[in-house]
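Novice: model17.cif is reproduced in full below (mmCIF, C-alpha atoms).
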data_structure
#
loop_
_atom_site.label_atom_id
_atom_site.label_comp_id
_atom_site.auth_asym_id
_atom_site.auth_seq_id
_atom_site.Cartn_x
_atom_site.Cartn_y
_atom_site.Cartn_z
CA MET A 1 -33.85 -50.49 2.96
CA ILE A 2 -33.32 -46.86 2.08
CA PRO A 3 -31.89 -45.72 -1.25
CA ALA A 4 -28.88 -43.44 -1.55
CA ALA A 5 -29.70 -39.74 -1.67
CA PHE A 6 -30.91 -38.16 -4.91
CA ASP A 7 -32.58 -35.04 -6.19
CA TYR A 8 -36.24 -35.36 -7.10
CA HIS A 9 -37.77 -33.61 -10.10
CA ARG A 10 -41.39 -33.53 -11.22
CA PRO A 11 -41.53 -31.86 -14.64
CA ALA A 12 -44.91 -30.88 -16.10
CA ASP A 13 -44.19 -31.64 -19.75
CA VAL A 14 -42.11 -33.90 -21.97
CA ALA A 15 -39.71 -31.14 -23.05
CA SER A 16 -38.80 -30.32 -19.44
CA ALA A 17 -38.31 -34.01 -18.64
CA ILE A 18 -35.97 -34.45 -21.60
CA ALA A 19 -34.06 -31.30 -20.64
CA LEU A 20 -33.48 -32.83 -17.19
CA LEU A 21 -32.36 -36.15 -18.65
CA GLN A 22 -30.01 -34.31 -20.98
CA GLU A 23 -28.61 -32.07 -18.25
CA HIS A 24 -27.87 -34.89 -15.82
CA GLY A 25 -26.86 -37.59 -18.30
CA ASP A 26 -26.07 -40.97 -16.79
CA GLY A 27 -27.00 -39.81 -13.31
CA ALA A 28 -30.66 -39.25 -14.24
CA ARG A 29 -33.44 -41.82 -14.49
CA ALA A 30 -37.05 -41.37 -15.52
CA LEU A 31 -39.56 -42.68 -12.96
CA ALA A 32 -42.90 -44.05 -14.15
CA GLY A 33 -44.67 -46.34 -11.67
CA GLY A 34 -41.36 -47.10 -10.02
CA HIS A 35 -42.11 -50.73 -9.15
CA SER A 36 -39.02 -51.97 -10.96
CA LEU A 37 -36.75 -48.98 -10.33
CA ILE A 38 -37.50 -48.22 -6.66
CA PRO A 39 -36.79 -51.79 -5.45
CA MET A 40 -33.47 -51.63 -7.34
CA MET A 41 -32.69 -48.26 -5.72
CA LYS A 42 -33.54 -49.68 -2.28
CA LEU A 43 -31.15 -52.56 -2.87
CA ARG A 44 -28.64 -49.97 -4.11
CA MET A 45 -28.32 -51.90 -7.34
CA ALA A 46 -29.46 -48.84 -9.29
CA SER A 47 -27.62 -45.63 -8.62
CA VAL A 48 -29.64 -42.53 -9.39
CA ASP A 49 -28.57 -38.94 -8.67
CA HIS A 50 -31.58 -37.31 -10.29
CA LEU A 51 -34.98 -38.94 -10.34
CA VAL A 52 -37.32 -37.49 -12.95
CA ASP A 53 -40.90 -38.36 -11.94
CA LEU A 54 -43.21 -38.37 -14.98
CA GLN A 55 -46.53 -38.45 -13.10
CA ASP A 56 -47.55 -34.85 -13.88
CA ILE A 57 -47.05 -35.09 -17.64
CA ASP A 58 -50.52 -35.25 -19.21
CA GLU A 59 -49.12 -35.94 -22.70
CA LEU A 60 -48.01 -39.35 -21.45
CA LYS A 61 -51.48 -40.39 -20.32
CA GLY A 62 -54.58 -41.74 -21.95
CA ILE A 63 -55.82 -44.42 -24.31
CA ALA A 64 -57.15 -43.38 -27.73
CA ILE A 65 -58.71 -45.69 -30.29
CA THR A 66 -59.47 -44.14 -33.68
CA GLY A 67 -59.85 -45.71 -37.10
CA GLY A 68 -58.77 -49.13 -35.89
CA LYS A 69 -55.56 -47.76 -34.41
CA VAL A 70 -54.82 -48.04 -30.68
CA SER A 71 -52.61 -45.43 -29.04
CA ILE A 72 -51.62 -45.82 -25.39
CA GLY A 73 -49.74 -43.18 -23.41
CA ALA A 74 -46.66 -44.52 -21.65
CA MET A 75 -47.91 -43.56 -18.18
CA THR A 76 -51.11 -45.62 -18.53
CA THR A 77 -51.21 -48.03 -15.60
CA GLN A 78 -51.86 -51.75 -15.84
CA ASN A 79 -55.05 -51.16 -13.89
CA GLU A 80 -56.20 -48.60 -16.46
CA LEU A 81 -55.51 -51.11 -19.23
CA ILE A 82 -57.64 -53.67 -17.38
CA THR A 83 -60.57 -51.37 -16.61
CA ASN A 84 -60.80 -49.66 -20.03
CA ASP A 85 -63.76 -51.34 -21.74
CA VAL A 86 -63.14 -49.75 -25.14
CA LEU A 87 -59.60 -51.13 -25.14
CA ALA A 88 -60.91 -54.52 -24.05
CA GLN A 89 -63.15 -54.49 -27.15
CA ALA A 90 -60.38 -53.39 -29.51
CA ALA A 91 -57.54 -55.52 -28.13
CA PRO A 92 -58.72 -57.94 -25.43
CA ILE A 93 -55.28 -59.57 -25.20
CA LEU A 94 -54.05 -56.52 -23.24
CA ARG A 95 -56.52 -57.07 -20.40
CA GLU A 96 -55.80 -60.80 -20.41
CA ALA A 97 -52.05 -60.16 -20.09
CA ALA A 98 -52.25 -57.24 -17.66
CA LEU A 99 -54.35 -59.32 -15.24
CA GLN A 100 -51.44 -61.75 -15.05
CA ILE A 101 -48.90 -59.08 -14.09
CA ALA A 102 -47.87 -58.74 -10.44
CA ASP A 103 -50.72 -58.07 -7.97
CA PRO A 104 -53.51 -55.48 -7.58
CA GLN A 105 -51.41 -52.92 -5.68
CA VAL A 106 -48.62 -53.09 -8.24
CA ARG A 107 -51.08 -52.86 -11.15
CA TYR A 108 -52.54 -49.59 -9.80
CA VAL A 109 -49.10 -48.02 -10.11
CA GLY A 110 -47.10 -49.98 -12.69
CA THR A 111 -47.27 -48.55 -16.20
CA ILE A 112 -47.17 -50.00 -19.70
CA GLY A 113 -44.41 -47.56 -20.63
CA GLY A 114 -42.19 -48.62 -17.74
CA ASN A 115 -42.92 -52.25 -18.48
CA VAL A 116 -41.83 -52.01 -22.13
CA ALA A 117 -39.00 -49.48 -21.71
CA ASN A 118 -37.20 -51.14 -18.80
CA GLY A 119 -35.95 -54.02 -20.92
CA ASP A 120 -36.40 -56.60 -18.15
CA PRO A 121 -36.77 -59.98 -19.88
CA GLY A 122 -39.32 -60.92 -17.21
CA ASN A 123 -41.73 -58.14 -18.15
CA ASP A 124 -44.82 -59.33 -20.00
CA MET A 125 -45.65 -56.35 -22.22
CA PRO A 126 -42.55 -56.45 -24.47
CA GLY A 127 -43.42 -59.88 -25.88
CA LEU A 128 -47.06 -58.90 -26.20
CA MET A 129 -46.12 -55.71 -28.07
CA GLN A 130 -43.97 -57.74 -30.44
CA CYS A 131 -46.90 -60.08 -31.03
CA LEU A 132 -49.09 -57.05 -31.89
CA ASN A 133 -46.30 -55.51 -34.00
CA ALA A 134 -46.59 -52.31 -31.95
CA THR A 135 -44.58 -49.16 -32.49
CA PHE A 136 -42.87 -47.26 -29.66
CA THR A 137 -42.54 -43.49 -29.98
CA LEU A 138 -39.32 -42.12 -28.52
CA VAL A 139 -38.92 -38.40 -27.94
CA GLY A 140 -35.52 -36.85 -27.36
CA PRO A 141 -33.71 -33.53 -27.70
CA ASP A 142 -33.71 -33.87 -31.51
CA GLY A 143 -37.39 -34.69 -31.84
CA SER A 144 -39.45 -37.82 -32.11
CA ARG A 145 -38.82 -41.18 -33.78
CA ASP A 146 -40.71 -44.43 -34.04
CA VAL A 147 -39.16 -47.83 -33.35
CA ALA A 148 -40.90 -51.16 -33.92
CA ALA A 149 -41.27 -53.26 -30.75
CA ARG A 150 -39.71 -56.09 -32.77
CA ASP A 151 -36.51 -54.01 -33.22
CA PHE A 152 -36.40 -52.36 -29.78
CA TYR A 153 -34.74 -54.95 -27.55
CA GLU A 154 -30.98 -55.54 -27.75
CA ALA A 155 -30.17 -57.47 -24.57
CA ALA A 156 -31.39 -57.58 -20.96
CA TYR A 157 -32.03 -53.96 -19.91
CA MET A 158 -30.48 -52.75 -23.18
CA THR A 159 -32.84 -51.18 -25.68
CA GLU A 160 -32.86 -48.84 -28.66
CA ARG A 161 -33.83 -45.96 -26.35
CA GLU A 162 -31.04 -43.46 -25.69
CA ASP A 163 -30.51 -42.16 -22.13
CA GLU A 164 -31.94 -38.73 -22.94
CA GLU A 165 -35.01 -40.11 -24.71
CA LEU A 166 -38.45 -40.84 -23.26
CA LEU A 167 -40.71 -43.58 -24.52
CA THR A 168 -43.92 -41.57 -24.76
CA ARG A 169 -46.51 -43.65 -26.58
CA ILE A 170 -47.30 -47.12 -27.86
CA THR A 171 -49.39 -47.61 -30.99
CA PHE A 172 -50.65 -50.64 -32.87
CA VAL A 173 -53.38 -51.65 -35.27
CA ALA A 174 -56.30 -53.17 -33.37
CA PRO A 175 -55.96 -56.90 -33.96
CA THR A 176 -58.73 -59.12 -35.29
CA GLY A 177 -59.43 -62.81 -34.71
CA GLY A 178 -58.46 -64.95 -31.75
CA TYR A 179 -55.97 -64.16 -29.03
CA ALA A 180 -54.39 -65.62 -25.92
CA TYR A 181 -51.77 -64.68 -23.37
CA GLU A 182 -50.70 -67.77 -21.46
CA LYS A 183 -48.29 -67.53 -18.56
CA GLN A 184 -46.78 -70.13 -16.27
CA LYS A 185 -45.53 -68.72 -12.97
CA ARG A 186 -44.51 -70.17 -9.62
CA LYS A 187 -47.06 -68.12 -7.69
CA ILE A 188 -49.45 -65.27 -8.34
CA GLY A 189 -47.50 -62.06 -8.84
CA ASP A 190 -44.38 -63.80 -10.10
CA TYR A 191 -42.57 -63.22 -13.36
CA ALA A 192 -43.10 -65.86 -16.01
CA THR A 193 -41.30 -69.17 -16.06
CA ALA A 194 -42.58 -69.07 -19.63
CA ALA A 195 -45.26 -66.96 -21.28
CA CYS A 196 -46.60 -66.68 -24.79
CA ALA A 197 -48.75 -64.19 -26.70
CA VAL A 198 -50.68 -65.38 -29.73
CA GLN A 199 -52.88 -63.39 -32.07
CA LEU A 200 -54.31 -65.19 -35.09
CA SER A 201 -57.09 -64.88 -37.67
CA LYS A 202 -59.19 -67.51 -39.38
CA GLN A 203 -60.63 -67.55 -42.88
CA GLY A 204 -62.65 -70.43 -44.35
CA GLY A 205 -61.57 -72.82 -41.61
CA GLU A 206 -57.89 -72.05 -42.10
CA CYS A 207 -55.47 -69.88 -40.21
CA ALA A 208 -54.91 -66.73 -42.30
CA THR A 209 -52.41 -64.86 -40.12
CA ALA A 210 -50.61 -65.73 -36.90
CA ALA A 211 -48.22 -63.82 -34.65
CA ILE A 212 -46.44 -65.57 -31.78
CA ALA A 213 -44.09 -64.01 -29.22
CA MET A 214 -42.64 -65.26 -25.96
CA THR A 215 -41.63 -63.81 -22.59
CA ASN A 216 -38.70 -64.62 -20.28
CA LEU A 217 -37.30 -67.35 -22.48
CA SER A 218 -34.25 -65.39 -23.61
CA ASP A 219 -32.56 -62.14 -22.53
CA VAL A 220 -34.99 -60.34 -24.86
CA PRO A 221 -38.59 -61.04 -25.84
CA VAL A 222 -38.75 -63.51 -28.72
CA PHE A 223 -41.00 -62.98 -31.73
CA SER A 224 -41.02 -66.13 -33.83
CA GLU A 225 -41.94 -65.51 -37.43
CA ALA A 226 -41.40 -69.19 -38.24
CA ALA A 227 -43.84 -70.31 -35.55
CA GLY A 228 -46.56 -68.08 -37.00
CA ALA A 229 -45.78 -69.26 -40.53
CA ALA A 230 -46.17 -72.88 -39.41
CA LEU A 231 -49.83 -72.20 -38.62
CA VAL A 232 -50.83 -70.19 -41.69
CA GLY A 233 -52.82 -72.23 -44.18
CA THR A 234 -53.53 -75.01 -41.68
CA ALA A 235 -56.61 -75.74 -39.58
CA CYS A 236 -54.43 -75.43 -36.46
CA ASP A 237 -54.68 -79.20 -36.06
CA ALA A 238 -52.40 -81.11 -33.71
CA GLY A 239 -49.68 -81.48 -36.34
CA ALA A 240 -49.62 -77.77 -37.15
CA VAL A 241 -49.50 -76.80 -33.48
CA LYS A 242 -46.64 -79.22 -32.94
CA ALA A 243 -44.74 -77.72 -35.87
CA ALA A 244 -45.32 -74.19 -34.60
CA VAL A 245 -44.13 -75.13 -31.10
CA ALA A 246 -41.02 -76.77 -32.54
CA ALA A 247 -40.29 -73.64 -34.60
CA ALA A 248 -40.79 -71.39 -31.56
CA LEU A 249 -38.55 -73.54 -29.35
CA GLU A 250 -35.79 -73.20 -31.96
CA GLU A 251 -35.63 -69.50 -31.23
CA ILE A 252 -35.57 -69.37 -27.44
CA ASP A 253 -32.51 -69.40 -25.22
CA PRO A 254 -33.62 -69.72 -21.59
CA MET A 255 -31.12 -69.62 -18.74
CA GLU A 256 -31.12 -71.71 -15.60
CA ASP A 257 -32.21 -69.69 -12.56
CA ASN A 258 -34.47 -70.02 -9.53
CA ARG A 259 -37.40 -70.77 -11.87
CA GLY A 260 -35.72 -73.97 -12.98
CA PRO A 261 -33.13 -75.59 -15.23
CA VAL A 262 -33.04 -75.09 -18.99
CA ASP A 263 -34.71 -78.41 -19.84
CA PHE A 264 -37.62 -77.64 -17.53
CA LYS A 265 -38.07 -74.18 -19.02
CA ARG A 266 -38.06 -75.59 -22.55
CA HIS A 267 -40.66 -78.14 -21.49
CA VAL A 268 -42.86 -75.48 -19.86
CA ALA A 269 -42.43 -73.21 -22.90
CA GLY A 270 -43.70 -75.97 -25.19
CA VAL A 271 -46.79 -76.50 -23.04
CA ILE A 272 -47.54 -72.77 -22.76
CA ILE A 273 -47.05 -72.05 -26.48
CA SER A 274 -49.32 -74.90 -27.49
CA ARG A 275 -52.00 -73.85 -24.99
CA ALA A 276 -51.81 -70.27 -26.23
CA ILE A 277 -52.23 -71.32 -29.85
CA GLU A 278 -55.12 -73.64 -29.05
CA ARG A 279 -56.93 -71.01 -27.00
CA ALA A 280 -56.41 -68.29 -29.60
CA TRP A 281 -57.71 -70.65 -32.31
CA SER A 282 -60.79 -71.49 -30.22
CA ARG A 283 -61.56 -67.75 -30.02
CA ALA A 284 -60.85 -66.98 -33.70
CA MET B 1 -29.87 -33.07 -1.53
CA SER B 2 -31.80 -30.69 0.66
CA LYS B 3 -35.07 -31.60 2.28
CA MET B 4 -38.32 -31.09 0.43
CA HIS B 5 -41.60 -29.64 1.63
CA ILE B 6 -44.23 -32.33 1.34
CA GLN B 7 -47.96 -31.92 1.82
CA LEU B 8 -50.09 -34.93 2.56
CA LYS B 9 -53.70 -35.27 3.56
CA VAL B 10 -53.79 -38.35 5.74
CA ASN B 11 -57.12 -39.62 7.08
CA GLY B 12 -58.64 -36.21 6.43
CA GLU B 13 -55.93 -34.26 8.22
CA ASP B 14 -53.48 -31.96 6.42
CA HIS B 15 -49.78 -32.37 7.10
CA ASP B 16 -46.91 -30.22 5.91
CA LEU B 17 -43.53 -31.78 6.55
CA LEU B 18 -39.92 -31.84 5.53
CA ALA B 19 -38.45 -35.03 4.12
CA GLU B 20 -35.53 -36.12 2.02
CA ALA B 21 -36.42 -37.19 -1.51
CA ARG B 22 -35.26 -40.72 -0.72
CA GLU B 23 -37.66 -41.19 2.20
CA LEU B 24 -40.28 -43.81 1.47
CA LEU B 25 -43.91 -43.07 2.21
CA ILE B 26 -44.12 -45.83 4.82
CA HIS B 27 -41.26 -44.27 6.81
CA VAL B 28 -42.79 -40.80 6.66
CA LEU B 29 -46.17 -42.13 7.81
CA ARG B 30 -44.73 -44.17 10.67
CA GLU B 31 -41.80 -42.08 11.83
CA LYS B 32 -42.75 -38.50 10.98
CA LEU B 33 -46.51 -38.65 11.48
CA GLY B 34 -46.73 -41.44 14.06
CA ILE B 35 -49.25 -43.32 11.94
CA THR B 36 -48.11 -46.85 12.71
CA GLY B 37 -51.09 -48.83 11.39
CA PRO B 38 -49.38 -49.57 8.07
CA HIS B 39 -46.65 -52.08 8.86
CA ILE B 40 -43.24 -52.78 7.39
CA GLY B 41 -43.22 -56.46 6.50
CA CYS B 42 -41.03 -57.58 3.62
CA GLU B 43 -39.90 -54.15 2.38
CA THR B 44 -39.74 -55.66 -1.11
CA SER B 45 -43.23 -54.91 -2.54
CA HIS B 46 -44.45 -58.44 -1.93
CA CYS B 47 -46.31 -58.73 1.35
CA GLY B 48 -48.75 -55.81 1.34
CA ALA B 49 -48.51 -55.10 5.09
CA CYS B 50 -47.69 -51.47 4.23
CA THR B 51 -50.77 -51.04 2.00
CA VAL B 52 -52.39 -47.63 2.14
CA ASP B 53 -55.03 -45.99 -0.02
CA LEU B 54 -53.42 -43.24 -2.12
CA ASN B 55 -55.77 -41.10 -4.22
CA GLY B 56 -58.24 -43.98 -4.37
CA LYS B 57 -55.77 -46.74 -5.20
CA SER B 58 -54.30 -49.43 -2.98
CA VAL B 59 -50.52 -49.02 -3.00
CA LYS B 60 -47.59 -50.52 -1.17
CA SER B 61 -46.15 -47.56 0.68
CA CYS B 62 -42.72 -49.22 0.91
CA THR B 63 -42.38 -48.75 -2.86
CA VAL B 64 -43.50 -45.14 -3.15
CA PHE B 65 -41.36 -42.14 -2.22
CA ALA B 66 -43.12 -39.59 -0.03
CA ALA B 67 -42.12 -37.05 -2.69
CA GLN B 68 -44.24 -38.93 -5.24
CA ALA B 69 -47.20 -38.68 -2.87
CA ASN B 70 -46.77 -34.91 -2.46
CA GLY B 71 -50.26 -33.42 -2.69
CA ALA B 72 -52.00 -36.77 -2.32
CA GLU B 73 -54.89 -37.92 -0.16
CA ILE B 74 -54.04 -41.00 1.86
CA THR B 75 -56.18 -43.29 3.96
CA THR B 76 -54.61 -45.75 6.39
CA ILE B 77 -56.27 -48.27 8.69
CA GLU B 78 -56.54 -45.46 11.27
CA GLY B 79 -58.89 -43.66 8.88
CA ILE B 80 -61.10 -46.67 8.26
CA GLY B 81 -62.23 -47.33 11.83
CA THR B 82 -61.31 -46.73 15.47
CA PRO B 83 -61.31 -49.04 18.50
CA ASP B 84 -64.55 -47.44 19.66
CA ALA B 85 -66.16 -47.43 16.24
CA LEU B 86 -64.90 -50.39 14.25
CA HIS B 87 -65.58 -50.46 10.54
CA VAL B 88 -67.78 -53.34 9.34
CA LEU B 89 -64.67 -54.98 7.86
CA GLN B 90 -62.82 -54.76 11.17
CA GLN B 91 -65.81 -56.15 13.04
CA SER B 92 -66.06 -58.94 10.49
CA PHE B 93 -62.37 -59.86 10.79
CA ARG B 94 -62.90 -60.09 14.55
CA GLU B 95 -66.02 -62.22 14.30
CA HIS B 96 -64.69 -64.59 11.64
CA HIS B 97 -61.22 -64.94 13.12
CA GLY B 98 -59.68 -63.20 10.09
CA LEU B 99 -56.42 -62.75 11.96
CA GLN B 100 -54.05 -64.60 14.19
CA CYS B 101 -50.95 -62.52 14.93
CA GLY B 102 -52.49 -59.43 13.35
CA PHE B 103 -49.38 -58.15 11.60
CA CYS B 104 -50.85 -58.30 8.09
CA THR B 105 -54.31 -57.15 9.18
CA PRO B 106 -54.04 -53.37 8.63
CA GLY B 107 -52.87 -53.99 5.06
CA MET B 108 -55.49 -56.66 4.53
CA ILE B 109 -58.36 -54.45 5.68
CA THR B 110 -57.10 -51.34 3.88
CA ARG B 111 -56.87 -53.35 0.64
CA ALA B 112 -60.23 -55.06 1.22
CA HIS B 113 -61.81 -51.66 1.85
CA ARG B 114 -60.78 -50.46 -1.62
CA LEU B 115 -61.72 -53.79 -3.21
CA LEU B 116 -65.27 -53.57 -1.85
CA GLN B 117 -65.64 -50.01 -3.08
CA GLU B 118 -64.73 -51.13 -6.59
CA ASN B 119 -66.66 -54.38 -6.43
CA PRO B 120 -69.29 -54.30 -3.65
CA ASN B 121 -70.50 -57.82 -4.33
CA PRO B 122 -67.47 -59.98 -5.13
CA THR B 123 -67.38 -63.73 -5.55
CA GLU B 124 -64.98 -65.74 -3.43
CA GLU B 125 -62.66 -66.01 -6.44
CA GLU B 126 -62.73 -62.25 -6.97
CA VAL B 127 -61.84 -61.69 -3.32
CA ARG B 128 -58.90 -64.08 -3.58
CA PHE B 129 -57.68 -62.46 -6.81
CA GLY B 130 -58.23 -58.95 -5.46
CA MET B 131 -56.32 -59.74 -2.26
CA ALA B 132 -53.39 -61.39 -4.05
CA GLY B 133 -51.03 -58.56 -3.11
CA ASN B 134 -51.38 -59.27 0.63
CA LEU B 135 -49.64 -62.12 2.37
CA CYS B 136 -50.54 -63.67 5.72
CA ARG B 137 -47.84 -65.86 7.25
CA CYS B 138 -50.21 -67.33 9.81
CA THR B 139 -51.87 -68.83 6.68
CA GLY B 140 -55.21 -67.48 7.67
CA TYR B 141 -56.52 -66.95 4.14
CA GLN B 142 -59.67 -69.04 4.56
CA ASN B 143 -60.90 -66.82 7.36
CA ILE B 144 -59.69 -63.62 5.75
CA VAL B 145 -61.73 -64.38 2.64
CA LYS B 146 -64.69 -65.37 4.82
CA SER B 147 -64.39 -62.09 6.75
CA ILE B 148 -64.37 -59.98 3.59
CA LEU B 149 -67.32 -61.81 2.03
CA ALA B 150 -69.31 -61.47 5.26
CA ALA B 151 -68.47 -57.76 5.47
CA ALA B 152 -69.57 -57.28 1.86
CA ALA B 153 -72.89 -59.00 2.58
CA GLU B 154 -73.42 -56.86 5.65
CA MET B 155 -72.53 -53.63 3.88
CA ASN B 156 -74.89 -54.48 1.01
CA ALA B 157 -77.72 -55.34 3.42
CA ALA B 158 -77.20 -52.04 5.24
CA LYS B 159 -77.24 -50.18 1.93
CA GLU B 160 -80.47 -51.88 0.89
CA ALA B 161 -82.10 -51.17 4.24
CA ALA B 162 -81.18 -47.50 3.86
CA GLU B 163 -82.78 -47.24 0.41
#
As structure tokens - that is how I would like this structure written.

Specialist:
Amino acid sequence: MIPAAFDYHRPADVASAIALLQEHGDGARALAGGHSLIPMMKLRMASVDHLVDLQDIDELKGIAITGGKVSIGAMTTQNELITNDVLAQAAPILREAALQIADPQVRYVGTIGGNVANGDPGNDMPGLMQCLNATFTLVGPDGSRDVAARDFYEAAYMTEREDEELLTRITFVAPTGGYAYEKQKRKIGDYATAACAVQLSKQGGECATAAIAMTNLSDVPVFSEAAGAALVGTACDAGAVKAAVAAALEEIDPMEDNRGPVDFKRHVAGVIISRAIERAWSRA
Amino acid sequence: MSKMHIQLKVNGEDHDLLAEARELLIHVLREKLGITGPHIGCETSHCGACTVDLNGKSVKSCTVFAAQANGAEITTIEGIGTPDALHVLQQSFREHHGLQCGFCTPGMITRAHRLLQENPNPTEEEVRFGMAGNLCRCTGYQNIVKSILAAAAEMNAAKEAAE
């Protein structure tokens, strides 16, 4: 499988990359790790005339944690997320989720920026970023703007990002309390049949805050405010978990595909959400 | 869509070649450089038969353009051992019957080689998790894991003896 011919560019800074995207319009695509885009190009399902490889752009790299704020460059690989001990202290849910993405070879190359910007409903990071209430920084010809992860996704592969913009950085406040990323998949390396990110805090035996978001259960990641609200003020007992799961299931819209029919996916989602809440609570 | 100059250091040897931007690294290695150890299995980033070491990372060379690897250092199975001087891992795969048809073996050993550099003393579970990107259709996983664990033990013993 060999893709159609294209011109390859390797700009050294963000401004040059944006200039290329602007110059070539629809025919240009930014390349991060390439493990979503290159397979699509090989199948000739993605047509690209100009490939803009971001690997040399230092501004897009690195993880910085200052004053309780985590900032992750878009070109940070899943493997770098996993092996960064400071990040694992500040936001352990990232390592837990990244370890459940694809396989070792893919994680050495696949990036967090590609994962969140692609808009594939199967990607794990979008739901996680909604759970953490992260902000995506988009840089384009007219400068930089910030978009909340919770407002970024419009439909499958459709996001707030304009064609000539680059998603450069992801920032969020380092979470406190308990966390869990639970994922059901058919085999190691697969996309989720259902996955759920939970981050919650505990005060005086009661749940003080809770954020719950789900992966691959709609054409966009699903952040359920109602599910989180169902836990706040409770001791995360069986009744509260059941109410939160019911609220979360209200907001999903899975489609039948080779991972199963809708009823099965709803069943799996319920199991995964409840496991994620219970595990996060046990760590809070 | 003219051809690009691409420089690769493969198994310690410098190469300067012309390739189209759309040429995948696996095709350049096999067809332009005659390095046929890395195999083309699934061509869809799943099976790991095409695994090579690129700047110290295990990658599937069917999902990397040669242009992306321009300037990189690459190690393939040919750079790990030779028929006359097998690497400990290769010897171990032979002794523990870590292969049947052998098609996945170059990718398996190239990946295991990196895994043991990052984690010289893995548990069985860590080996299985670390090898999850490599498939063997002869279903020889038991012996592959056994081979890697035995190689790790041998490499550690040799290191200790040297100290």

Novice: Taking all atoms listed in the file into account, name the residue in A:Ala134, A:Val147, A:Met40, A:Asp49 that is nearest to Phe6 of chain A.

Specialist: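 Ranked by minimum distance to Phe6 of chain A, first place goes to A:Asp49.
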
Novice: Using all atoms listed in the file, find each residue of chain A with at least one atom at most 10 Å away from an atom of chain B; report its shortest atom-to-atom pair and that distance in Å (one decimal), sort the rows by chain and rising residue number, and return the result as CSV.

Specialist:
residue,atom,partner,partner_atom,distance
A:Met1,CA,B:Glu43,CA,7.1
A:Ile2,CA,B:Arg22,CA,7.0
A:Pro3,CA,B:Arg22,CA,6.1
A:Ala4,CA,B:Arg22,CA,7.0
A:Ala5,CA,B:Arg22,CA,5.7
A:Phe6,CA,B:Met1,CA,6.2
A:Asp7,CA,B:Met1,CA,5.7
A:Tyr8,CA,B:Ala21,CA,5.9
A:His9,CA,B:Ala67,CA,9.3
A:Arg10,CA,B:Gln68,CA,8.5
A:Leu31,CA,B:Gln68,CA,9.8
A:Gly33,CA,B:Val64,CA,8.7
A:Gly34,CA,B:Thr63,CA,7.4
A:His35,CA,B:Thr63,CA,6.6
A:Ser36,CA,B:Thr63,CA,9.3
A:Leu37,CA,B:Thr63,CA,9.4
A:Ile38,CA,B:Thr63,CA,6.2
A:Pro39,CA,B:Thr44,CA,6.5
A:Met40,CA,B:Thr44,CA,9.7
A:Met41,CA,B:Arg22,CA,9.4
A:Lys42,CA,B:Thr44,CA,8.7
A:Leu43,CA,B:Thr44,CA,9.3
A:Asp49,CA,B:Met1,CA,9.3
A:His50,CA,B:Met1,CA,9.9
A:Leu51,CA,B:Ala21,CA,9.1
A:Asp53,CA,B:Gln68,CA,7.5
A:Leu54,CA,B:Gln68,CA,9.8
A:Gln55,CA,B:Gln68,CA,8.2
A:Asn79,CA,B:Lys57,CA,9.8
A:Leu99,CA,B:Phe129,CA,9.6
A:Ala102,CA,B:Gly133,CA,8.0
A:Asp103,CA,B:Gly133,CA,4.9
A:Pro104,CA,B:Gly133,CA,6.0
A:Gln105,CA,B:Val59,CA,4.8
A:Val106,CA,B:Val59,CA,6.9
A:Arg107,CA,B:Val59,CA,9.0
A:Tyr108,CA,B:Lys57,CA,6.3
A:Val109,CA,B:Val59,CA,7.3
A:Lys187,CA,B:Ala132,CA,9.9
A:Ile188,CA,B:Ala132,CA,7.0
A:Gly189,CA,B:Gly133,CA,7.6
A:Asp190,CA,B:His46,CA,9.8

Novice: Mind telling me what the PyMOL selection byres ((chain A and resi 145) around 12) catches here, as a PyMOL selection string?

Specialist: chain A and resi 135-144+146-148+160-162+165-170

Novice: Report as JSON, numbers by chain the full result of the PyMOL selection byres ((chain A and resi 71-74) around 6) when it is applied to this structure.

Specialist: {"A": [60, 61, 62, 63, 64, 70, 75, 76, 112, 113, 168, 169, 170, 171]}

Novice: Report, in Å to a single decimal, how far apart atom CA of Leu29 of chain B and atom CA of Ser147 of chain B are.

Specialist: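 Taking atom CA of Ser147 of chain B and atom CA of Leu29 of chain B, their separation equals 27.0 Å.
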
Novice: Atom CA of Trp281 of chain A and atom CA of Lys202 of chain A are how many Å apart?

Specialist: 7.9 Å

Novice: When you look at Val86 of chain A with a cut-off of 12 Å (counting all atoms listed in the file), what residues show up, excluding the ones that are within fewer than 2 positions of it in the same chain? I need them as number ranges by chain.

Specialist: A: 63-66, 68, 70, 80-84, 88-92, 94-95, 174

Novice: Could the residues in this selection be written to a file with C-alpha atoms, as a CSV table (one decimal), in the coordinates of the input?

Specialist:
chain,number,residue,atom,x,y,z
A,63,ILE,CA,-55.8,-44.4,-24.3
A,64,ALA,CA,-57.2,-43.4,-27.7
A,65,ILE,CA,-58.7,-45.7,-30.3
A,66,THR,CA,-59.5,-44.1,-33.7
A,68,GLY,CA,-58.8,-49.1,-35.9
A,70,VAL,CA,-54.8,-48.0,-30.7
A,80,GLU,CA,-56.2,-48.6,-16.5
A,81,LEU,CA,-55.5,-51.1,-19.2
A,82,ILE,CA,-57.6,-53.7,-17.4
A,83,THR,CA,-60.6,-51.4,-16.6
A,84,ASN,CA,-60.8,-49.7,-20.0
A,88,ALA,CA,-60.9,-54.5,-24.0
A,89,GLN,CA,-63.2,-54.5,-27.2
A,90,ALA,CA,-60.4,-53.4,-29.5
A,91,ALA,CA,-57.5,-55.5,-28.1
A,92,PRO,CA,-58.7,-57.9,-25.4
A,94,LEU,CA,-54.0,-56.5,-23.2
A,95,ARG,CA,-56.5,-57.1,-20.4
A,174,ALA,CA,-56.3,-53.2,-33.4
